[in-house]
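**Student:** Below is one structure. I have some questions about it.
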There are 2 protein chains.
Amino acid sequence: MRIMVQKFGGTSVATKDRMRQVLGKVRAGLTDGRKIIAVLSARAGETNALLKLAHEWSETPDPAETDQLISTGEQVSAALFSMLLKDEGITARSFTGQQIGILTDDVYGKARIKEIDTERILAAFAEYDVLVVAGFQGITGDGRVTTLGRGGSDTSAVALAAAAKAELCEIYTDVEGVFTTDPNLCGNARKLDRISYDEMLELASMGAKVLEIRSVEFAKKYKVSVLVRSTFSDAPGTLVTQEDRSMEHVMVSGIAYDKDQARITLRSVPDKPGVAASIFGHLAEAGLSVDMIVQNPSRDGVTDMNFTVSRKDVKRALDIMEKVREQVGGLDILHETTVAKVSAVGVGMRNHSGVAAKTFAALQKENINIIMISTSEIKISCIIEEKYTELAVRALHDAFGLDNNSYMEAQ
Amino acid sequence: MRIMVQKFGGTSVATKDRMRQVLGKVRAGLTDGRKIIAVLSARAGETNALLKLAHEWSETPDPAETDQLISTGEQVSAALFSMLLKDEGITARSFTGQQIGILTDDVYGKARIKEIDTERILAAFAEYDVLVVAGFQGITGDGRVTTLGRGGSDTSAVALAAAAKAELCEIYTDVEGVFTTDPNLCGNARKLDRISYDEMLELASMGAKVLEIRSVEFAKKYKVSVLVRSTFSDAPGTLVTQEDRSMEHVMVSGIAYDKDQARITLRSVPDKPGVAASIFGHLAEAGLSVDMIVQNPSRDGVTDMNFTVSRKDVKRALDIMEKVREQVGGLDILHETTVAKVSAVGVGMRNHSGVAAKTFAALQKENINIIMISTSEIKISCIIEEKYTELAVRALHDAFGLDNNSYMEAQ
């Protein structure tokens, strides 16, 4: 049986007219004898309206009951869309997470999928050509409704694709795919035809908000090919898939940036075992997420340490550093909230030298000072002054030849 | 285990403040170690809003998908109310019809309950003191959501009471109970302390819209005691229960009326076998519900036939009668839409003569002409001119001594 999953976000199902465009995508998917699993989000604004209601009813709404409440948003979308399909003569049925059998753990509000009942999907296809599934939700072993957290419908779609051994999982959104960088910022950004899971993970975590990061991890784990494309055009989109040889020829696939960065500097940190563990242990205990960490080589028994956090966390991070100072003594605490991060991402850089050098040279040429540097196997990130963000992105985009029709081939 | 069911309608759960009053009722119910099943309707207006959405999406919305859609209204109520209970330190959990295991047939929009999973209810009570159940809904054997039709939450409540062997099923509404007649129409109408299932069925079917008729049938079948009372007062309400000796001492328990009546008269109907069957067979095929039927004795091989239908059905009924005339020939068709029905109801009249005579005398005394008469074991109904309805109700109410504190004892 040939099966395809198609996921449609909140703006795509917001109105009847938009659902009609979605219907066109489903009809197109049904050609060649394929069966379709259509995964729908709640209509734009509905989830927030339900959450607002919960907070009117309770200062701290019970998480399990909140999930029972907000899961109705997707159920409404799925039922309405099934009505449209039936009116068009397409055999279809809507399913809640419980009805299709999406088993999750019981971490309400951000549950993880444990298992999907493949048999139930295949049995339903004996009767229907399209299964319309309410995204974002599942059920615990105890029969309670859970939700999967922000962007959870992407994860629903990829997980259903894995369970049904679908040939493709299409994620429909309001952009045409994944771009080499933000098109609003760089006029000659180019849509990528293909991108590897790892590159997508690096881009997604840095603010390329096309695909929810957990769904990409899921896709990588189960080798699900994901096609990101637009509900509102016929453009072919971007395929997120396993790394292949052709990708390795491209040193850098995209340039990402993130302005939600604040730098905290600790000067004269005693260079003794356990100090770094103490600093980052306290931050982790407080639930603060640290992004980049750079430690300079020690000199005269003391060292400098730099790390970045989200701007909303700066105050709490500084409070925690005050406590660390009381414990270890002596250090100076500085911070800066007007910094940003720019990153070059590409699986090709694994095999090719010169990416770091080219990055630094491109920034230097524009007189942009690099405050911190951090590298991974497929990524180079630089912290710079925030005001240079747009200039830096364009400079790197040009330097790696990412503009339209000019691939930067490996040397 | 002592279990009580409490059902709260749409106006009782419309706002957070009203739900707080409901919470008071649940807390009161929890005394003496009782466990509570709270059955909730959708917040007032929600079901109609969802139905409106369905009709925007489709001219003839698929019935199964409509049920999947509108069932979310009760799910929202149940989740919100559970939040309130938990905030008050009461162990509670919300359940959809599917989650609590209310199995129905697959007649979407007016499904009938086939079975309820008693084990699941008892297991849930091991963990929670209050089970908050979304009313009005169930699930087919095939896992599809169904709804039980207008007033279906009453039926949910009574069925859950039967399954859980509850000691009582309280139906909270915006009136204080069942009255001897409409208090808006007769100033000295008296609230009944008790009423039998059969009397309640006769009163309910004639427009005393306190309890949905199917729920009363269910209560009678499973001997569930139902207490109708107000969410907004502490008045003791009316107990709908099995007939007992004390009820037989009262000849008439209440006076009902129904203005949604139209009379159709067929004159010169050939008095041959099969003619009546043909007339009412055609009406039934068209889905028209006939209330009273009166046939005068035959004279010269022809007879007159009178029957009543709902006023909205008059035109269709007349069209059908035209077809009957074409088949059997000769008859005259007359109709009148300004008639009403008044009825005296009471299990006591089974054993006591004189109820009919007293009814006719009371109407005659006010110069009210009786157009049609129909009797059952526990009811006498008269069709009269509509303009006399209020006068007739008051006359009968007085004649049978139903005003406050003056029971009409049997002779």
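Ordered as shown in the structure tokens, chains take letters A, B, and onward, while each chain numbers its residues from 1 and ligands are numbered from 1 in the order shown.
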Could you please tell me, as a PyMOL selection string, which residues of chain B have an atom within 7 Å of chain A when using only C-alpha atoms?
**Tutor:** chain B and resi 16+54+57-58+61-62+65-66+68-69+72+75-76+79-80+82-84+99+143
**Student:** Just C-alpha atoms for this one: save the residues we selected as a PDB file, in the first residue's frame.
**Tutor:**
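The resulting out.pdb:
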```pdb
ATOM      1  CA  LYS B  16     -16.869  30.287  36.009  1.00  0.00           C
ATOM      2  CA  ALA B  54     -20.675  22.665  10.680  1.00  0.00           C
ATOM      3  CA  TRP B  57     -18.546  24.145   6.261  1.00  0.00           C
ATOM      4  CA  SER B  58     -21.109  21.911   4.596  1.00  0.00           C
ATOM      5  CA  PRO B  61     -22.656  18.026   7.290  1.00  0.00           C
ATOM      6  CA  ASP B  62     -21.731  14.375   7.659  1.00  0.00           C
ATOM      7  CA  GLU B  65     -18.243  14.152  11.767  1.00  0.00           C
ATOM      8  CA  THR B  66     -20.874  16.484  13.238  1.00  0.00           C
ATOM      9  CA  GLN B  68     -17.075  14.332  16.472  1.00  0.00           C
ATOM     10  CA  LEU B  69     -17.273  18.136  16.221  1.00  0.00           C
ATOM     11  CA  THR B  72     -15.980  18.895  22.030  1.00  0.00           C
ATOM     12  CA  GLN B  75     -15.282  17.932  26.750  1.00  0.00           C
ATOM     13  CA  VAL B  76     -14.398  21.600  27.317  1.00  0.00           C
ATOM     14  CA  ALA B  79     -11.978  19.784  31.658  1.00  0.00           C
ATOM     15  CA  LEU B  80     -12.671  23.291  33.006  1.00  0.00           C
ATOM     16  CA  SER B  82     -12.122  19.425  36.823  1.00  0.00           C
ATOM     17  CA  MET B  83      -9.610  22.286  37.054  1.00  0.00           C
ATOM     18  CA  LEU B  84     -11.879  24.035  39.564  1.00  0.00           C
ATOM     19  CA  GLN B  99     -12.836   7.513  28.113  1.00  0.00           C
ATOM     20  CA  GLY B 143     -14.467   3.836  18.101  1.00  0.00           C
TER      21      GLY B 143
END
```
**Student:** In range 50-218 of chain A, what's strand (DSSP E or B) per DSSP? Answer as a ChimeraX atom specification?
**Tutor:** /A:92-95,102-104,113-116,130-134,137-139,145-147,168-173,179,191,194-196
**Student:** Among range 52-130 of chain A, which residues does DSSP mark as alpha helix (DSSP H) when it is run on the backbone? Keep the chain and numbering as in the structure and answer as an MDAnalysis selection string.
**Tutor:** chainID A and resid 52:57 63:70 72:87 97:100 118:125
**Student:** Write out as a PDB file with C-alpha atoms, in the first residue's frame the residues lying within 10 Å of Gly151 in chain B, counting only C-alpha atoms and excluding same-chain residues fewer than 6 positions away.
**Tutor:**
```pdb
ATOM      1  CA  GLY B   9     -27.127  21.657  32.331  1.00  0.00           C
ATOM      2  CA  SER B  41     -23.500  19.672  29.375  1.00  0.00           C
ATOM      3  CA  GLY B 135     -22.558  14.365  28.885  1.00  0.00           C
ATOM      4  CA  PHE B 136     -24.492  13.881  25.642  1.00  0.00           C
ATOM      5  CA  LYS B 209     -39.538  20.289  29.571  1.00  0.00           C
ATOM      6  CA  VAL B 210     -37.797  19.524  32.822  1.00  0.00           C
ATOM      7  CA  LEU B 211     -36.464  16.092  31.941  1.00  0.00           C
ATOM      8  CA  GLU B 212     -35.696  14.584  28.575  1.00  0.00           C
ATOM      9  CA  ILE B 213     -38.244  11.824  27.919  1.00  0.00           C
ATOM     10  CA  ARG B 214     -35.693   9.146  27.021  1.00  0.00           C
ATOM     11  CA  SER B 215     -33.927   9.644  30.314  1.00  0.00           C
TER      12      SER B 215
END
```
**Student:** Using only C-alpha atoms, which residue out of B:Gly152, B:Gly348, B:Pro273, B:Gly24 lies closest to Ser246 in chain B?
**Tutor:** B:Gly348
**Student:** If we count only C-alpha atoms and set the cut-off at 12 Å, which residues sit around Gly301 in chain A, ignoring sequence neighbours fewer than 2 positions away in its own chain? Please answer as number ranges by chain.
**Tutor:** A: 267-273, 296-299, 303-304
**Student:** For the residues selected in the previous step, produce a file with N, CA and C atoms as a tab-separated table (two decimals), in the first residue's frame.
**Tutor:**
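Okay, this is what ended up in selection21.tsv:
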```
chain	number	residue	atom	x	y	z
A	267	ARG	N	35.10	37.05	34.91
A	267	ARG	CA	36.55	37.30	34.87
A	267	ARG	C	37.17	36.79	36.16
A	268	SER	N	38.44	36.38	36.04
A	268	SER	CA	39.21	35.94	37.21
A	268	SER	C	38.57	34.76	37.93
A	269	VAL	N	38.09	33.80	37.13
A	269	VAL	CA	37.53	32.58	37.72
A	269	VAL	C	38.68	31.69	38.16
A	270	PRO	N	38.69	31.25	39.44
A	270	PRO	CA	39.77	30.36	39.88
A	270	PRO	C	39.79	29.10	39.04
A	271	ASP	N	40.95	28.77	38.49
A	271	ASP	CA	41.04	27.62	37.58
A	271	ASP	C	41.27	26.35	38.38
A	272	LYS	N	40.23	25.91	39.10
A	272	LYS	CA	40.31	24.70	39.91
A	272	LYS	C	39.24	23.71	39.44
A	273	PRO	N	39.48	22.43	39.68
A	273	PRO	CA	38.46	21.45	39.30
A	273	PRO	C	37.14	21.76	39.99
A	296	ASN	N	38.61	30.78	28.07
A	296	ASN	CA	39.96	31.11	27.60
A	296	ASN	C	40.98	30.27	28.38
A	297	PRO	N	42.16	30.06	27.78
A	297	PRO	CA	43.21	29.33	28.51
A	297	PRO	C	43.53	30.05	29.82
A	298	SER	N	43.83	29.26	30.80
A	298	SER	CA	44.14	29.78	32.13
A	298	SER	C	45.47	30.54	32.15
A	299	ARG	N	45.55	31.57	33.01
A	299	ARG	CA	46.78	32.36	33.14
A	299	ARG	C	46.91	32.77	34.59
A	303	THR	N	41.05	32.23	35.09
A	303	THR	CA	40.65	32.18	33.69
A	303	THR	C	39.43	33.07	33.49
A	304	ASP	N	39.12	33.36	32.21
A	304	ASP	CA	37.86	34.05	31.90
A	304	ASP	C	36.91	33.04	31.31
```
**Student:** Near range 168-172 of chain A, counting only C-alpha atoms, which residues have an atom at most 8 Å away, once you skip same-chain residues fewer than 3 positions from it, shown as an NGL selection string?
**Tutor:** :A and (3-9 or 12 or 154 or 157-158 or 161 or 224-231)
**Student:** Could you turn the residues from that selection into a file that holds C-alpha atoms, as a PDB file, in the first residue's frame?
**Tutor:**
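After the write, result-v7.pdb holds the following:
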```pdb
ATOM      1  CA  ILE A   3       0.853   5.886   1.856  1.00  0.00           C
ATOM      2  CA  MET A   4       1.702   9.577   2.151  1.00  0.00           C
ATOM      3  CA  VAL A   5       1.359  11.825   5.183  1.00  0.00           C
ATOM      4  CA  GLN A   6       0.421  15.485   4.709  1.00  0.00           C
ATOM      5  CA  LYS A   7       0.492  17.934   7.600  1.00  0.00           C
ATOM      6  CA  PHE A   8      -1.291  21.298   7.539  1.00  0.00           C
ATOM      7  CA  GLY A   9      -0.661  24.051  10.079  1.00  0.00           C
ATOM      8  CA  SER A  12      -3.676  26.540   6.419  1.00  0.00           C
ATOM      9  CA  ASP A 154       4.855  18.204  12.969  1.00  0.00           C
ATOM     10  CA  ALA A 157       2.908  13.758  11.209  1.00  0.00           C
ATOM     11  CA  VAL A 158       6.438  12.361  11.163  1.00  0.00           C
ATOM     12  CA  ALA A 161       4.678   8.467   8.623  1.00  0.00           C
ATOM     13  CA  VAL A 224      11.342   9.499   7.259  1.00  0.00           C
ATOM     14  CA  SER A 225      11.749  11.773   4.241  1.00  0.00           C
ATOM     15  CA  VAL A 226      10.097  15.116   5.004  1.00  0.00           C
ATOM     16  CA  LEU A 227       9.101  17.556   2.284  1.00  0.00           C
ATOM     17  CA  VAL A 228       8.550  21.113   3.515  1.00  0.00           C
ATOM     18  CA  ARG A 229       6.336  23.096   1.153  1.00  0.00           C
ATOM     19  CA  SER A 230       3.701  25.815   0.900  1.00  0.00           C
ATOM     20  CA  THR A 231      -0.074  25.320   1.085  1.00  0.00           C
TER      21      THR A 231
END
```
